[in-house]
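Structure file data-v5.tsv (TSV, C-alpha atoms and all ligand atoms) is printed below.
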chain	number	residue	atom	x	y	z
C	1287	MET	CA	-9.94	-3.07	-32.73
C	1288	GLN	CA	-12.60	-5.37	-34.12
C	1289	LEU	CA	-16.10	-4.04	-33.57
C	1290	LYS	CA	-17.70	-7.24	-34.74
C	1291	GLY	CA	-18.98	-10.41	-33.09
C	1292	THR	CA	-20.06	-10.93	-29.50
C	1293	ARG	CA	-18.46	-8.32	-27.29
C	1294	LEU	CA	-18.82	-6.11	-24.25
C	1295	GLU	CA	-17.98	-2.57	-25.29
C	1296	VAL	CA	-16.66	-0.59	-22.35
C	1297	ASN	CA	-16.65	3.19	-22.60
C	1298	LEU	CA	-13.72	4.56	-20.62
C	1299	GLU	CA	-14.89	8.12	-21.11
C	1300	ALA	CA	-18.09	7.22	-19.24
C	1301	LEU	CA	-15.95	5.64	-16.50
C	1302	ALA	CA	-14.06	8.94	-16.18
C	1303	HIS	CA	-17.34	10.84	-16.05
C	1304	ASN	CA	-18.62	8.63	-13.21
C	1305	TYR	CA	-15.34	8.90	-11.32
C	1306	HIS	CA	-15.46	12.71	-11.50
C	1307	TYR	CA	-19.15	12.80	-10.52
C	1308	LEU	CA	-18.61	10.59	-7.47
C	1309	ARG	CA	-15.55	12.59	-6.43
C	1310	SER	CA	-17.59	15.80	-6.71
C	1311	LYS	CA	-19.88	14.37	-4.00
C	1312	ILE	CA	-17.09	14.01	-1.42
C	1313	SER	CA	-14.85	16.64	0.11
C	1314	GLU	CA	-11.38	17.31	-1.29
C	1315	ASP	CA	-9.65	15.62	1.59
C	1316	THR	CA	-11.73	12.45	1.50
C	1317	LYS	CA	-9.88	9.66	-0.26
C	1318	PHE	CA	-11.50	7.65	-3.04
C	1319	MET	CA	-11.10	3.88	-3.17
C	1320	SER	CA	-12.06	2.21	-6.46
C	1321	VAL	CA	-13.53	-1.24	-5.95
C	1322	VAL	CA	-12.47	-3.44	-8.87
C	1323	LYS	CA	-13.22	-6.90	-7.46
C	1324	ALA	CA	-14.89	-9.59	-9.57
C	1325	ASN	CA	-13.16	-8.46	-12.76
C	1326	ALA	CA	-14.23	-4.85	-12.11
C	1327	TYR	CA	-17.84	-6.01	-11.92
C	1328	GLY	CA	-17.33	-7.83	-15.20
C	1329	HIS	CA	-15.86	-4.90	-17.14
C	1330	GLY	CA	-12.28	-6.19	-17.13
C	1331	MET	CA	-10.20	-5.48	-14.03
C	1332	VAL	CA	-6.86	-4.47	-15.51
C	1333	PRO	CA	-7.94	-1.90	-18.14
C	1334	ILE	CA	-10.46	-0.42	-15.70
C	1335	ALA	CA	-7.88	-0.15	-12.91
C	1336	GLN	CA	-5.29	1.32	-15.27
C	1337	LYS	CA	-7.75	4.02	-16.29
C	1338	LEU	CA	-8.71	4.75	-12.67
C	1339	GLN	CA	-5.06	4.99	-11.67
C	1340	GLU	CA	-4.53	7.50	-14.47
C	1341	LEU	CA	-7.60	9.45	-13.25
C	1342	GLY	CA	-6.06	9.69	-9.79
C	1343	THR	CA	-7.89	7.24	-7.55
C	1344	ASP	CA	-6.23	7.02	-4.13
C	1345	TYR	CA	-6.76	3.34	-3.44
C	1346	PHE	CA	-7.98	0.14	-5.02
C	1347	ALA	CA	-9.94	-2.71	-3.44
C	1348	THR	CA	-10.30	-6.29	-4.56
C	1349	ALA	CA	-11.93	-9.17	-2.70
C	1350	TYR	CA	-9.10	-11.70	-2.96
C	1351	MET	CA	-5.33	-11.84	-3.01
C	1352	GLU	CA	-5.16	-13.24	-6.56
C	1353	GLU	CA	-6.96	-10.18	-7.86
C	1354	GLY	CA	-4.52	-7.88	-6.07
C	1355	VAL	CA	-1.58	-9.79	-7.53
C	1356	GLU	CA	-3.01	-9.40	-11.04
C	1357	LEU	CA	-3.21	-5.65	-10.50
C	1358	ARG	CA	0.41	-5.51	-9.29
C	1359	ASP	CA	1.47	-7.59	-12.33
C	1360	ASN	CA	-0.14	-5.00	-14.58
C	1361	GLY	CA	1.32	-1.74	-13.42
C	1362	ILE	CA	-0.94	-0.79	-10.53
C	1363	ILE	CA	1.23	0.93	-7.95
C	1364	LYS	CA	-1.45	2.58	-5.78
C	1365	PRO	CA	-2.33	0.97	-2.43
C	1366	ILE	CA	-4.56	-2.10	-2.82
C	1367	LEU	CA	-6.90	-3.27	-0.09
C	1368	ILE	CA	-7.85	-6.95	0.02
C	1369	LEU	CA	-11.40	-6.98	1.37
C	1370	HIS	CA	-11.73	-10.69	2.04
C	1371	PRO	CA	-8.31	-12.32	2.48
C	1372	GLN	CA	-8.08	-16.05	3.12
C	1373	GLN	CA	-5.58	-17.70	5.44
C	1374	HIS	CA	-3.96	-20.01	2.88
C	1375	ASN	CA	-2.08	-17.33	0.96
C	1376	LEU	CA	-1.34	-14.53	3.41
C	1377	ASP	CA	2.35	-14.60	2.43
C	1378	VAL	CA	1.42	-13.23	-0.96
C	1379	CYS	CA	-0.06	-10.20	0.71
C	1380	ILE	CA	3.27	-9.06	2.06
C	1381	ASP	CA	5.24	-10.15	-1.01
C	1382	ARG	CA	3.10	-8.00	-3.28
C	1383	CYS	CA	2.51	-5.07	-0.93
C	1384	LEU	CA	-1.23	-5.59	-0.53
C	1385	GLU	CA	-3.12	-4.34	2.53
C	1386	PRO	CA	-5.34	-6.93	4.20
C	1387	VAL	CA	-8.66	-6.32	5.85
C	1388	ILE	CA	-8.46	-8.11	9.18
C	1389	TYR	CA	-12.02	-9.18	9.84
C	1390	SER	CA	-11.68	-11.66	12.71
C	1391	MET	CA	-9.45	-12.45	15.69
C	1392	GLU	CA	-8.30	-15.59	13.86
C	1393	MET	CA	-7.27	-13.51	10.87
C	1394	LEU	CA	-5.40	-11.08	13.13
C	1395	ASP	CA	-3.42	-13.97	14.64
C	1396	ALA	CA	-2.74	-15.55	11.25
C	1397	PHE	CA	-1.66	-12.33	9.62
C	1398	THR	CA	0.51	-11.27	12.54
C	1399	ALA	CA	2.24	-14.66	12.39
C	1400	SER	CA	2.81	-14.27	8.67
C	1401	ALA	CA	4.23	-10.75	9.13
C	1402	LYS	CA	6.49	-11.98	11.90
C	1403	ALA	CA	7.77	-14.87	9.77
C	1404	LYS	CA	8.60	-12.38	7.06
C	1405	GLN	CA	10.33	-10.10	9.57
C	1406	GLN	CA	8.03	-7.19	8.99
C	1407	GLN	CA	7.69	-4.10	11.11
C	1408	SER	CA	4.56	-1.96	11.07
C	1409	TYR	CA	3.05	-3.75	8.07
C	1410	PRO	CA	-0.16	-1.81	7.21
C	1411	ILE	CA	-3.48	-3.51	7.99
C	1412	HIS	CA	-7.12	-2.43	8.09
C	1413	LEU	CA	-9.46	-3.68	10.81
C	1414	GLU	CA	-13.04	-4.40	9.88
C	1415	PHE	CA	-15.67	-4.09	12.59
C	1416	ASN	CA	-19.16	-5.47	12.26
C	1417	THR	CA	-21.73	-2.74	12.91
C	1418	GLY	CA	-24.86	-4.57	11.75
C	1419	LEU	CA	-24.42	-6.22	8.35
C	1420	ASN	CA	-23.50	-9.37	10.29
C	1421	ARG	CA	-21.28	-10.66	7.51
C	1422	ILE	CA	-17.53	-10.62	8.18
C	1423	GLY	CA	-16.09	-8.29	10.81
C	1424	ILE	CA	-14.75	-8.15	14.35
C	1425	ASP	CA	-17.40	-7.75	17.01
C	1426	HIS	CA	-17.36	-4.29	18.57
C	1427	LYS	CA	-17.19	-5.93	21.99
C	1428	ASP	CA	-13.73	-7.16	20.99
C	1429	VAL	CA	-12.24	-3.70	20.46
C	1430	ASP	CA	-10.21	-3.91	23.69
C	1431	ASN	CA	-8.99	-7.43	22.90
C	1432	VAL	CA	-7.83	-6.35	19.47
C	1433	LEU	CA	-6.05	-3.31	20.83
C	1434	GLU	CA	-4.31	-5.41	23.44
C	1435	LYS	CA	-3.13	-7.88	20.83
C	1436	LEU	CA	-1.91	-5.06	18.63
C	1437	SER	CA	0.08	-3.49	21.45
C	1438	SER	CA	2.27	-6.59	21.49
C	1439	SER	CA	2.44	-7.00	17.70
C	1440	PRO	CA	5.00	-4.55	16.32
C	1441	GLU	CA	5.07	-6.46	13.02
C	1442	VAL	CA	1.76	-4.87	12.01
C	1443	LYS	CA	0.35	-1.36	12.22
C	1444	VAL	CA	-3.24	-0.23	11.78
C	1445	ARG	CA	-3.59	1.98	8.72
C	1446	GLY	CA	-7.36	1.93	8.54
C	1447	LEU	CA	-10.63	0.95	10.15
C	1448	GLN	CA	-13.58	-0.19	8.12
C	1449	SER	CA	-17.16	-1.29	8.44
C	1450	HIS	CA	-19.81	-1.98	5.80
C	1451	LEU	CA	-23.37	-0.67	5.67
C	1452	ALA	CA	-26.22	-3.17	5.41
C	1453	ALA	CA	-28.81	-1.10	3.55
C	1454	SER	CA	-27.25	2.16	2.38
C	1455	GLU	CA	-29.34	2.11	-0.83
C	1456	ASP	CA	-32.62	1.83	1.07
C	1457	LEU	CA	-33.68	5.14	2.63
C	1458	GLY	CA	-36.45	3.26	4.46
C	1459	GLU	CA	-33.64	1.80	6.56
C	1460	SER	CA	-32.01	5.13	7.40
C	1461	VAL	CA	-32.59	4.77	11.14
C	1462	PHE	CA	-30.63	1.51	11.11
C	1463	THR	CA	-27.95	3.01	8.87
C	1464	GLN	CA	-27.50	5.99	11.22
C	1465	LYS	CA	-27.06	3.52	14.08
C	1466	GLN	CA	-24.33	1.76	12.10
C	1467	ILE	CA	-22.66	5.11	11.41
C	1468	ALA	CA	-22.84	6.09	15.10
C	1469	LEU	CA	-21.42	2.75	16.23
C	1470	PHE	CA	-18.59	3.04	13.73
C	1471	GLU	CA	-17.83	6.54	15.01
C	1472	GLU	CA	-17.71	5.24	18.56
C	1473	ILE	CA	-15.34	2.41	17.62
C	1474	THR	CA	-13.08	4.59	15.49
C	1475	SER	CA	-12.69	7.28	18.13
C	1476	LYS	CA	-11.86	4.68	20.77
C	1477	VAL	CA	-9.27	2.97	18.56
C	1478	GLN	CA	-7.83	6.24	17.31
C	1479	GLN	CA	-7.41	7.50	20.88
C	1480	LYS	CA	-5.63	4.32	21.94
C	1481	LEU	CA	-3.34	4.26	18.91
C	1482	GLY	CA	-2.51	7.93	19.15
C	1483	TYR	CA	-2.06	8.57	15.42
C	1484	GLU	CA	-4.33	9.32	12.43
C	1485	ILE	CA	-5.87	6.35	10.68
C	1486	LEU	CA	-8.09	5.99	7.62
C	1487	LYS	CA	-11.75	5.40	8.40
C	1488	HIS	CA	-14.07	4.02	5.76
C	1489	GLU	CA	-17.62	2.74	5.91
C	1490	SER	CA	-19.38	3.80	2.69
C	1491	ASN	CA	-19.97	1.93	-0.54
C	1492	THR	CA	-21.46	3.84	-3.50
C	1493	SER	CA	-24.90	4.26	-1.91
C	1494	GLY	CA	-23.34	5.28	1.40
C	1495	LEU	CA	-21.33	7.89	-0.48
C	1496	LEU	CA	-24.42	9.22	-2.26
C	1497	ASN	CA	-27.00	8.97	0.53
C	1498	TYR	CA	-25.06	9.58	3.75
C	1499	LYS	CA	-22.68	12.51	3.86
C	1500	ASN	CA	-21.93	11.75	7.51
C	1501	ALA	CA	-20.64	8.30	6.51
C	1502	HIS	CA	-17.82	9.53	4.25
C	1503	PHE	CA	-15.21	9.61	7.03
C	1504	SER	CA	-11.71	9.75	5.52
C	1505	MET	CA	-12.29	7.45	2.55
C	1506	VAL	CA	-15.16	6.01	0.50
C	1507	ARG	CA	-15.17	2.64	-1.29
C	1508	SER	CA	-17.05	2.81	-4.54
C	1509	GLY	CA	-17.75	0.07	-7.07
C	1510	ILE	CA	-21.12	0.11	-8.82
C	1511	GLY	CA	-21.15	3.91	-9.11
C	1512	LEU	CA	-18.01	3.81	-11.24
C	1513	TYR	CA	-19.77	1.40	-13.57
C	1514	GLY	CA	-22.75	3.71	-13.90
C	1515	TYR	CA	-25.35	2.93	-11.27
C	1516	GLY	CA	-26.34	4.79	-8.11
C	1517	ASN	CA	-29.08	2.40	-6.92
C	1518	ASP	CA	-31.51	5.32	-7.17
C	1519	ALA	CA	-33.09	7.07	-10.16
C	1520	GLN	CA	-31.97	10.47	-8.85
C	1521	TYR	CA	-28.30	9.44	-9.01
C	1522	ASP	CA	-28.61	7.22	-12.05
C	1523	ALA	CA	-29.54	10.37	-13.96
C	1524	HIS	CA	-26.02	11.71	-13.31
C	1525	LEU	CA	-24.11	8.50	-13.88
C	1526	LYS	CA	-23.43	6.73	-17.17
C	1527	PRO	CA	-23.50	2.95	-17.52
C	1528	ILE	CA	-20.17	2.16	-19.14
C	1529	ALA	CA	-20.95	-1.08	-20.96
C	1530	THR	CA	-22.90	-2.28	-23.99
C	1531	LEU	CA	-23.35	-5.99	-24.61
C	1532	ILE	CA	-23.66	-6.89	-28.28
C	1533	SER	CA	-23.93	-10.16	-30.17
C	1534	ASN	CA	-25.20	-11.11	-33.60
C	1535	ILE	CA	-27.67	-13.31	-35.41
C	1536	SER	CA	-26.25	-16.73	-36.31
C	1537	GLN	CA	-29.31	-18.12	-38.08
C	1538	ILE	CA	-32.93	-17.20	-38.84
C	1539	ARG	CA	-35.68	-19.81	-38.94
C	1540	THR	CA	-39.43	-19.93	-39.41
C	1541	ILE	CA	-41.66	-22.54	-37.77
C	1542	GLU	CA	-45.37	-23.26	-37.96
C	1543	ALA	CA	-48.03	-23.44	-35.23
C	1544	GLY	CA	-47.44	-26.33	-32.84
C	1545	GLU	CA	-43.69	-26.56	-33.45
C	1546	THR	CA	-41.39	-25.92	-30.49
C	1547	VAL	CA	-38.16	-24.04	-29.82
C	1548	SER	CA	-35.16	-25.02	-27.65
C	1549	TYR	CA	-34.54	-27.71	-25.03
C	1550	ASN	CA	-37.47	-29.45	-23.39
C	1551	ARG	CA	-39.82	-27.95	-25.99
C	1552	LYS	CA	-41.15	-25.35	-23.58
C	1553	PHE	CA	-41.95	-22.75	-26.21
C	1554	VAL	CA	-44.77	-23.83	-28.51
C	1555	ALA	CA	-45.52	-21.60	-31.52
C	1556	LYS	CA	-49.11	-20.35	-31.66
C	1557	GLY	CA	-48.77	-19.51	-35.31
C	1558	ARG	CA	-46.08	-19.07	-37.96
C	1559	THR	CA	-43.06	-17.68	-36.07
C	1560	THR	CA	-39.83	-16.29	-37.40
C	1561	TYR	CA	-37.00	-16.16	-34.93
C	1562	ALA	CA	-33.29	-15.50	-34.70
C	1563	VAL	CA	-30.59	-17.55	-33.01
C	1564	VAL	CA	-28.23	-15.24	-31.05
C	1565	ALA	CA	-24.59	-16.17	-30.35
C	1566	LEU	CA	-24.72	-15.79	-26.58
C	1567	GLY	CA	-25.93	-18.08	-23.79
C	1568	HIS	CA	-25.66	-19.03	-20.14
C	1569	GLY	CA	-22.03	-19.96	-20.74
C	1570	ASP	CA	-21.51	-16.24	-21.36
C	1571	GLY	CA	-23.50	-15.11	-18.33
C	1572	ILE	CA	-26.97	-14.79	-19.82
C	1573	ASN	CA	-28.54	-17.04	-17.21
C	1574	ARG	CA	-31.58	-19.19	-17.71
C	1575	ILE	CA	-33.71	-16.69	-15.80
C	1576	TYR	CA	-33.67	-14.58	-18.98
C	1577	GLY	CA	-35.53	-17.22	-21.02
C	1578	TYR	CA	-39.27	-17.31	-21.86
C	1579	GLY	CA	-39.51	-13.63	-22.77
C	1580	LYS	CA	-37.96	-12.32	-19.52
C	1581	LEU	CA	-35.40	-10.54	-21.71
C	1582	GLU	CA	-36.04	-8.37	-24.74
C	1583	VAL	CA	-33.01	-7.67	-26.89
C	1584	ARG	CA	-32.89	-5.10	-29.67
C	1585	ILE	CA	-32.42	-5.90	-33.32
C	1586	ASN	CA	-32.31	-2.99	-35.78
C	1587	GLY	CA	-33.90	-0.80	-33.12
C	1588	LYS	CA	-36.81	-3.14	-32.37
C	1589	SER	CA	-37.51	-5.31	-29.32
C	1590	ALA	CA	-37.25	-9.07	-29.65
C	1591	PRO	CA	-38.20	-11.27	-26.66
C	1592	THR	CA	-36.45	-14.55	-25.87
C	1593	LEU	CA	-38.21	-17.77	-26.88
C	1594	GLY	CA	-37.93	-20.86	-24.67
C	1595	ILE	CA	-34.90	-21.93	-22.65
C	1596	ILE	CA	-31.53	-20.14	-22.85
C	1597	CYS	CA	-28.85	-22.60	-24.06
C	1598	MET	CA	-25.17	-22.54	-23.13
C	1599	ASP	CA	-23.92	-20.84	-26.29
C	1600	MET	CA	-27.05	-19.39	-27.81
C	1601	PHE	CA	-30.58	-18.25	-27.24
C	1602	MET	CA	-33.51	-17.62	-29.54
C	1603	VAL	CA	-35.56	-14.44	-29.95
C	1604	ASP	CA	-38.84	-13.81	-31.71
C	1605	MET	CA	-38.36	-11.57	-34.74
C	1606	SER	CA	-41.69	-12.07	-36.44
C	1607	SER	CA	-42.14	-8.31	-36.77
C	1608	ILE	CA	-38.51	-7.41	-37.44
C	1609	GLU	CA	-36.59	-7.12	-40.69
C	1610	ALA	CA	-33.10	-8.51	-40.17
C	1611	LYS	CA	-30.52	-10.82	-41.69
C	1612	VAL	CA	-27.87	-13.22	-40.47
C	1613	GLY	CA	-24.93	-11.28	-39.02
C	1614	ASP	CA	-27.02	-8.31	-37.90
C	1615	GLU	CA	-26.24	-6.92	-34.46
C	1616	VAL	CA	-28.23	-7.89	-31.40
C	1617	VAL	CA	-27.97	-5.44	-28.51
C	1618	ILE	CA	-28.55	-7.14	-25.16
C	1619	PHE	CA	-28.10	-4.04	-23.01
C	1620	ASP	CA	-26.81	-0.54	-23.56
C	1621	PRO	CA	-26.38	2.63	-21.48
C	1622	HIS	CA	-29.53	4.41	-22.69
C	1623	ILE	CA	-32.45	2.45	-24.10
C	1624	HIS	CA	-32.24	-0.87	-22.30
C	1625	THR	CA	-29.77	-0.72	-19.42
C	1626	SER	CA	-28.24	-3.71	-17.67
C	1627	ARG	CA	-30.02	-2.51	-14.53
C	1628	GLN	CA	-33.38	-2.67	-16.31
C	1629	MET	CA	-32.57	-6.04	-17.83
C	1630	ALA	CA	-31.57	-7.47	-14.45
C	1631	GLU	CA	-34.54	-6.03	-12.60
C	1632	ASP	CA	-37.03	-7.26	-15.21
C	1633	ALA	CA	-35.78	-10.78	-14.49
C	1634	GLY	CA	-35.75	-10.36	-10.70
C	1635	THR	CA	-32.05	-9.77	-10.05
C	1636	ILE	CA	-29.68	-6.77	-9.80
C	1637	SER	CA	-27.19	-5.16	-12.18
C	1638	TYR	CA	-24.28	-6.28	-9.94
C	1639	GLU	CA	-25.12	-9.94	-10.57
C	1640	LEU	CA	-25.70	-9.56	-14.30
C	1641	LEU	CA	-22.47	-7.60	-14.86
C	1642	THR	CA	-20.16	-9.73	-12.70
C	1643	GLY	CA	-21.57	-12.84	-14.37
C	1644	ILE	CA	-20.46	-11.92	-17.88
C	1645	GLN	CA	-17.93	-14.58	-18.67
C	1646	LYS	CA	-14.37	-14.41	-19.86
C	1647	ARG	CA	-15.12	-15.61	-23.37
C	1648	VAL	CA	-17.10	-12.43	-24.09
C	1649	ARG	CA	-14.45	-10.18	-25.56
C	1650	ARG	CA	-14.06	-6.81	-23.84
C	1651	VAL	CA	-13.42	-3.90	-26.17
C	1652	TYR	CA	-12.37	-0.54	-24.71
C	1653	LEU	CA	-13.53	2.69	-26.32
C	1654	ASN	CA	-12.62	6.36	-25.84
C	1655	ASN	CA	-9.48	5.88	-23.87
C	1656	ALA	CA	-7.96	9.16	-25.01
C	1657	SER	CA	-10.13	11.60	-23.07
C	1658	ASN	CA	-10.69	12.02	-19.37
N	1	LIG	C1	-18.14	-4.65	-2.91
N	1	LIG	C2	-17.88	-3.79	-1.75
N	1	LIG	C3	-17.92	-2.37	-1.88
N	1	LIG	C4	-18.42	-1.68	-3.13
N	1	LIG	O1	-19.83	-1.60	-3.11
N	1	LIG	P1	-20.67	-0.82	-4.24
N	1	LIG	O2	-22.08	-0.92	-3.78
N	1	LIG	O3	-20.43	-1.54	-5.51
N	1	LIG	O4	-20.16	0.57	-4.29
N	1	LIG	C5	-17.50	-1.61	-0.80
N	1	LIG	N1	-17.08	-2.19	0.35
N	1	LIG	C6	-17.08	-3.53	0.52
N	1	LIG	C7	-16.63	-4.10	1.82
N	1	LIG	C8	-17.49	-4.38	-0.51
N	1	LIG	O5	-17.50	-5.70	-0.32

Please, can you express the file's structure as structure tokens?
Ligand SMILES: *Cc1c(COP(=O)(O)O)cnc(C)c1O
Amino acid sequence: MQLKGTRLEVNLEALAHNYHYLRSKISEDTKFMSVVKANAYGHGMVPIAQKLQELGTDYFATAYMEEGVELRDNGIIKPILILHPQQHNLDVCIDRCLEPVIYSMEMLDAFTASAKAKQQQSYPIHLEFNTGLNRIGIDHKDVDNVLEKLSSSPEVKVRGLQSHLAASEDLGESVFTQKQIALFEEITSKVQQKLGYEILKHESNTSGLLNYKNAHFSMVRSGIGLYGYGNDAQYDAHLKPIATLISNISQIRTIEAGETVSYNRKFVAKGRTTYAVVALGHGDGINRIYGYGKLEVRINGKSAPTLGIICMDMFMVDMSSIEAKVGDEVVIFDPHIHTSRQMAEDAGTISYELLTGIQKRVRRVYLNNASN
């Protein structure tokens, strides 16, 4: 394993720690679904899922069919929920044993037709009801319509019911969240009664899991928590960010007062300025919002702010007060001193967006796979 050059180091021991911590917050009989969509929030879907399968997760979730297929192609045998299936490739769902979230009446019709064409019986599906996020989901007024359709659709069978909380990380919205929980309870008990058998019920993401014990139901769906963030300082203290983004210095230059750095000449030196060119840019996921000093990287333990516009393959940082040489490491974010959450928030975004945006060409390196 080459610990040189631009790379995202992913600590699998920290992943295991987070998994165990989150599991310790739910009861023994509550199932744990690991959300690994969007390349496991940028950390590399397959190695992350393989580790989580080894740790004993009950379920996986991805957003799209292609992601589920990639998991199946790489040894994932646990159930996989597809959170946001699209109509054009529903066949794949059945071929690869993936469980679709049915989030609209149109999707119910389309999936039932696909299951029928493939001569399925009781193919497992999850129904998503909208309880207030107002994103995807079946309207709760359509519960009876759905149940009626299902009673004449032996090709599918409800395995689970889901909803998604709109503001589980914001305790100022707890009245609204409790309303969502109550509505979900009402829907689930109605459906359960009609179906006459036990189904899985799941409504919580990471913050729902941490903030609302009464929203655990029979399964929780956790993503960001596994990667080290609880959307709250109290929980962040127990979780460990699993990734460190590192690059290196490609060149060091010194300019005089009045000279400019990067495209459009937006940074103008006030005096003699020594700066480093870092081998990372918006083509790697360090977006232009991080330019003009909005990001401070660390070189030999010292902070170096960005200068001017972020380019596609590189950005520049002021190192007037830093001793360093070409090839030295540049730490963009790490689990302790300058976290990806801090970096994202300083620039006005969230860790989810920063992490999922880290592009494919940044090599992922996995550390500490032996222990769990
Ligand atoms: C992404 C997603 C999750 C995971 O959310 P986290 O906040 O990362 O835990 C859970 N459920 C649904 C429906 C999602 O889209």

request  = Record the distance separating CA of Ser1508 (chain C) and CA of Ser1475 (chain C), expressed in Å with one decimal.
outcome  = 23.5 Å

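Applying the 10 Å criterion to (-7.8, 8.4, -9.3) in file coordinates and using all atoms listed in the file, one obtains the residues Ala1302, Tyr1305, His1306, Arg1309, Lys1317, Phe1318, Met1319, Ser1320, Ala1335, Gln1336, Lys1337, Leu1338, Gln1339, Glu1340, Leu1341, Gly1342, Thr1343, Asp1344, Tyr1345, Phe1346 and Lys1364 of chain C.
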
query = If we count all atoms listed in the file, what is near Glu1582 (chain C) at a cut-off of 10 Å, once residues fewer than 4 positions away on the same chain are taken out, given as a ChimeraX atom specification?
reply = /C:1576-1578,1588-1593,1603-1604,1617-1619,1624,1629,1632

Given only C-alpha atoms and all ligand atoms, how would the per-residue table for chain C near ligand LIG 1 (chain N) read, listing every residue at most 9 Å away with its closest atom pair and distance in Å to one decimal, sorted by chain and number, as CSV?
residue,atom,partner,partner_atom,distance
C:Met1319,CA,N:LIG1,C5,8.8
C:Ser1320,CA,N:LIG1,C4,8.2
C:Val1321,CA,N:LIG1,C4,5.7
C:Val1322,CA,N:LIG1,C1,8.3
C:Lys1323,CA,N:LIG1,C1,7.1
C:Ala1324,CA,N:LIG1,C1,8.9
C:Tyr1327,CA,N:LIG1,O3,8.2
C:Ala1347,CA,N:LIG1,C5,8.1
C:Thr1348,CA,N:LIG1,C1,8.2
C:Ala1349,CA,N:LIG1,O5,7.0
C:Leu1369,CA,N:LIG1,C7,6.0
C:His1370,CA,N:LIG1,O5,8.0
C:Glu1414,CA,N:LIG1,C7,8.8
C:Gln1448,CA,N:LIG1,C7,8.0
C:Ser1449,CA,N:LIG1,C7,7.2
C:His1450,CA,N:LIG1,C7,5.5
C:Leu1451,CA,N:LIG1,N1,8.4
C:Ser1454,CA,N:LIG1,O2,8.6
C:Glu1455,CA,N:LIG1,O2,8.4
C:His1488,CA,N:LIG1,N1,8.8
C:Glu1489,CA,N:LIG1,N1,7.5
C:Ser1490,CA,N:LIG1,C5,6.7
C:Asn1491,CA,N:LIG1,O4,4.0
C:Thr1492,CA,N:LIG1,O4,3.6
C:Ser1493,CA,N:LIG1,O2,6.2
C:Gly1494,CA,N:LIG1,O4,8.0
C:Leu1495,CA,N:LIG1,O4,8.3
C:Val1506,CA,N:LIG1,C5,8.1
C:Arg1507,CA,N:LIG1,C5,4.9
C:Ser1508,CA,N:LIG1,O4,3.8
C:Gly1509,CA,N:LIG1,O3,3.5
C:Ile1510,CA,N:LIG1,O3,3.8
C:Gly1511,CA,N:LIG1,O4,5.9
C:Leu1512,CA,N:LIG1,O4,8.0
C:Tyr1513,CA,N:LIG1,O3,8.6
C:Tyr1515,CA,N:LIG1,O3,8.8
C:Gly1516,CA,N:LIG1,O2,8.3
C:Asn1517,CA,N:LIG1,O2,8.4
C:Tyr1638,CA,N:LIG1,O3,7.5

inquiry  = as a ChimeraX atom specification, please: the residues near Ala1529 (chain C) (cut-off 9 Å, all atoms listed in the file, same-chain neighbours under 4 positions excluded).
reply    = /C:1294-1297,1300,1329,1513-1514,1619-1621,1625-1626

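In terms of minimum interatomic distance to Val1444 (chain C), C:Tyr1409 ranks closest within C:Phe1397, C:Phe1470, C:Phe1462, C:Tyr1409, counting all atoms listed in the file.
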
request  = Could you check how far CA of Cys1597 (chain C) sits from CA of Asp1570 (chain C), in Å to one decimal?
outcome  = 10.1 Å

inquiry  = Set the distance at 8 Å and use all atoms listed in the file: which residues neighbour region 1559-1567 of chain C once local chain neighbours fewer than 4 positions away are removed? I'd like the list as a ChimeraX atom specification.
reply    = /C:1292,1533-1543,1555,1571-1573,1596-1606,1616

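Candidate residues C:Thr1417, C:Gly1423, C:Val1477, C:Val1432 were compared for distance to Val1387 (chain C), and the nearest is C:Gly1423, using all atoms listed in the file.
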
key: Option closest in space to Pro1365 (chain C), from C:Pro1410, C:Ser1390, C:Asp1381, C:Lys1499 [counting all atoms listed in the file]   = C:Pro1410

Export of region 1622-1627 of chain C: N, CA, C and O atoms, as a PDB file, in the first residue's frame:
ATOM      1  N   HIS C1622      -9.243  14.725  13.590  1.00  0.00           N
ATOM      2  CA  HIS C1622      -9.076  15.369  14.899  1.00  0.00           C
ATOM      3  C   HIS C1622      -8.941  16.879  14.846  1.00  0.00           C
ATOM      4  O   HIS C1622      -9.717  17.604  15.450  1.00  0.00           O
ATOM      5  N   ILE C1623      -7.929  17.362  14.112  1.00  0.00           N
ATOM      6  CA  ILE C1623      -7.592  18.783  14.186  1.00  0.00           C
ATOM      7  C   ILE C1623      -8.481  19.632  13.283  1.00  0.00           C
ATOM      8  O   ILE C1623      -8.995  20.663  13.683  1.00  0.00           O
ATOM      9  N   HIS C1624      -8.665  19.178  12.074  1.00  0.00           N
ATOM     10  CA  HIS C1624      -9.475  19.938  11.118  1.00  0.00           C
ATOM     11  C   HIS C1624     -10.378  18.933  10.399  1.00  0.00           C
ATOM     12  O   HIS C1624      -9.992  18.326   9.410  1.00  0.00           O
ATOM     13  N   THR C1625     -11.580  18.747  10.927  1.00  0.00           N
ATOM     14  CA  THR C1625     -12.449  17.691  10.401  1.00  0.00           C
ATOM     15  C   THR C1625     -13.126  18.135   9.108  1.00  0.00           C
ATOM     16  O   THR C1625     -13.236  19.327   8.822  1.00  0.00           O
ATOM     17  N   SER C1626     -13.612  17.166   8.355  1.00  0.00           N
ATOM     18  CA  SER C1626     -14.328  17.497   7.114  1.00  0.00           C
ATOM     19  C   SER C1626     -15.601  18.268   7.456  1.00  0.00           C
ATOM     20  O   SER C1626     -16.046  19.114   6.692  1.00  0.00           O
ATOM     21  N   ARG C1627     -16.164  18.005   8.620  1.00  0.00           N
ATOM     22  CA  ARG C1627     -17.359  18.758   9.028  1.00  0.00           C
ATOM     23  C   ARG C1627     -17.014  20.236   9.207  1.00  0.00           C
ATOM     24  O   ARG C1627     -17.709  21.117   8.712  1.00  0.00           O
TER      25      ARG C1627
END
